[in-house]
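Peer 1: Below are the structure tokens for one structure; questions will follow.
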Amino acid sequence: MTVRTILKMGDPRLLRVAKTVTEFDTDTLHLLISDMLDTMIAAGGVGLAAPQIGVDLQLVIFGTGEPSARYPDAPPVPRTVLVNPTITPLPGSLVDTAPDEEDDWEGCLSVPGLRGLVPRYAHIRYTGWDQYGDRIDRTAGGFHARVVQHECDHLLGRLYPTRMRDLTRFGYTDVLFPGVEVEDE
């Protein structure tokens with residue numbers, strides 16, 4: 001279909017809260033998802049939210065189906081279309097009822113050339129619908145949970161730097177990881 005332009009940090013459209021999708025299984029929705037998938041693949045990303053291409057809808061796509069070139073040590077995440085998502089943090093164990101957080105490096109197609117150490121919930125449940133209006137209800141941990149949370153933040157008008165607690169752990173990839181080729185998102 002079409003590779004769309006990805007908005008970059010500083011564009012006020014990235015700060016808007018996305019609107020609820022009210023119609024499923026439409027030609028317009030399928031075309032948007034196709035464009036998002038083409039855009040994500042062309043950029044080498046592992047996820048993309050509709051607001052990143054200037055569309056104010058609660059729609060994210062993520063996953064690679066195989067290990068990602070950007071995150072070669074991360075396990076594959078199933079390719080998913082997620083509409084009107086809700087995220088619920090889960091406790092790390094049956095004994096400890098508080099959700100665990102993990103810090104890890106993140107990049108973003110809307111924040112090119114930079115990486116930051118971002119705290120995220122280690123285990124989540126996410127719910128929503130696919131493009132046909134069928135219910136999605138999954139639990140995820142580790143990298144999978146991180147990707148879902150990162151993409152869903154875009155629906156709230158948030159970019160990962162606003163989640164960071166220590167800006168000394170934020171910088172250009174070639175400075176933070178000299179000699180290592182690290183790409184965005």
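Lettering and numbering for the structure tokens are positional, with chains as A, B, ... in the shown order, residues counted from 1 in each chain, and ligands counted from 1 in the shown order.
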What are the closest atom pairs, with distances in Å to one decimal, for each residue of stretch 55-166 of chain A lying within 7 Å of stretch 25-42 of chain A, using only C-alpha atoms, rows by chain and rising residue number, as a Markdown table?
Peer 2:
```
| residue | atom | partner | partner_atom | distance |
| --- | --- | --- | --- | --- |
| A:Gln131 | CA | A:Asp25 | CA | 5.7 |
| A:Tyr132 | CA | A:Asp25 | CA | 4.5 |
| A:Gly133 | CA | A:Asp25 | CA | 7.0 |
```
Peer 1: Report as a PyMOL selection string all protein, DNA and RNA residues lying within 12 Å of A:His150, evaluated on only C-alpha atoms, omitting residues in the same chain fewer than 6 positions from it.
Peer 2: chain A and resi 46-49+60-62+87+104-110+118-121+143-144+156-163+185
Peer 1: I'd like the interatomic distance between atom CA of A:Leu57 and atom CA of A:Arg13, to a tenth of an Å.
Peer 2: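 Separation between atom CA of A:Leu57 and atom CA of A:Arg13: 11.8 Å.
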Peer 1: Considering only C-alpha atoms, give me a table of residues in stretch 68-147 of chain A that are at most 12 Å from stretch 16-22 of chain A, with the closest atom pair and distance in Å for each, as a tab-separated table.
Peer 2:
```
residue	atom	partner	partner_atom	distance
A:Leu82	CA	A:Val21	CA	10.7
A:Val83	CA	A:Val21	CA	7.0
A:Asn84	CA	A:Thr20	CA	6.0
A:Pro85	CA	A:Thr20	CA	9.4
A:Thr86	CA	A:Thr20	CA	11.6
A:Gly128	CA	A:Val21	CA	10.7
A:Trp129	CA	A:Val21	CA	9.8
A:Asp130	CA	A:Val21	CA	10.8
A:Gln131	CA	A:Val21	CA	9.7
A:Tyr132	CA	A:Thr22	CA	11.5
A:Gly133	CA	A:Thr22	CA	9.6
```
Peer 1: So how far away is atom CA of A:Val111 from atom CA of A:Thr168, in Å?
Peer 2: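 Value for the atom CA of A:Thr168-atom CA of A:Val111 distance: 16.6 Å.
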Peer 1: Tell me which of A:Leu117, A:Val148, A:Ala50, A:Ala43 sits closest to A:Pro89, counting only C-alpha atoms.
Peer 2: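 Between A:Leu117, A:Val148, A:Ala50, A:Ala43, the residue approaching A:Pro89 most closely is A:Val148.
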Peer 1: So the first atom is atom CA of A:Leu7 and the second is atom CA of A:Pro78; what is the distance between them in Å, to one decimal place?
Peer 2: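 We find that atom CA of A:Leu7 and atom CA of A:Pro78 lie 24.9 Å from each other.
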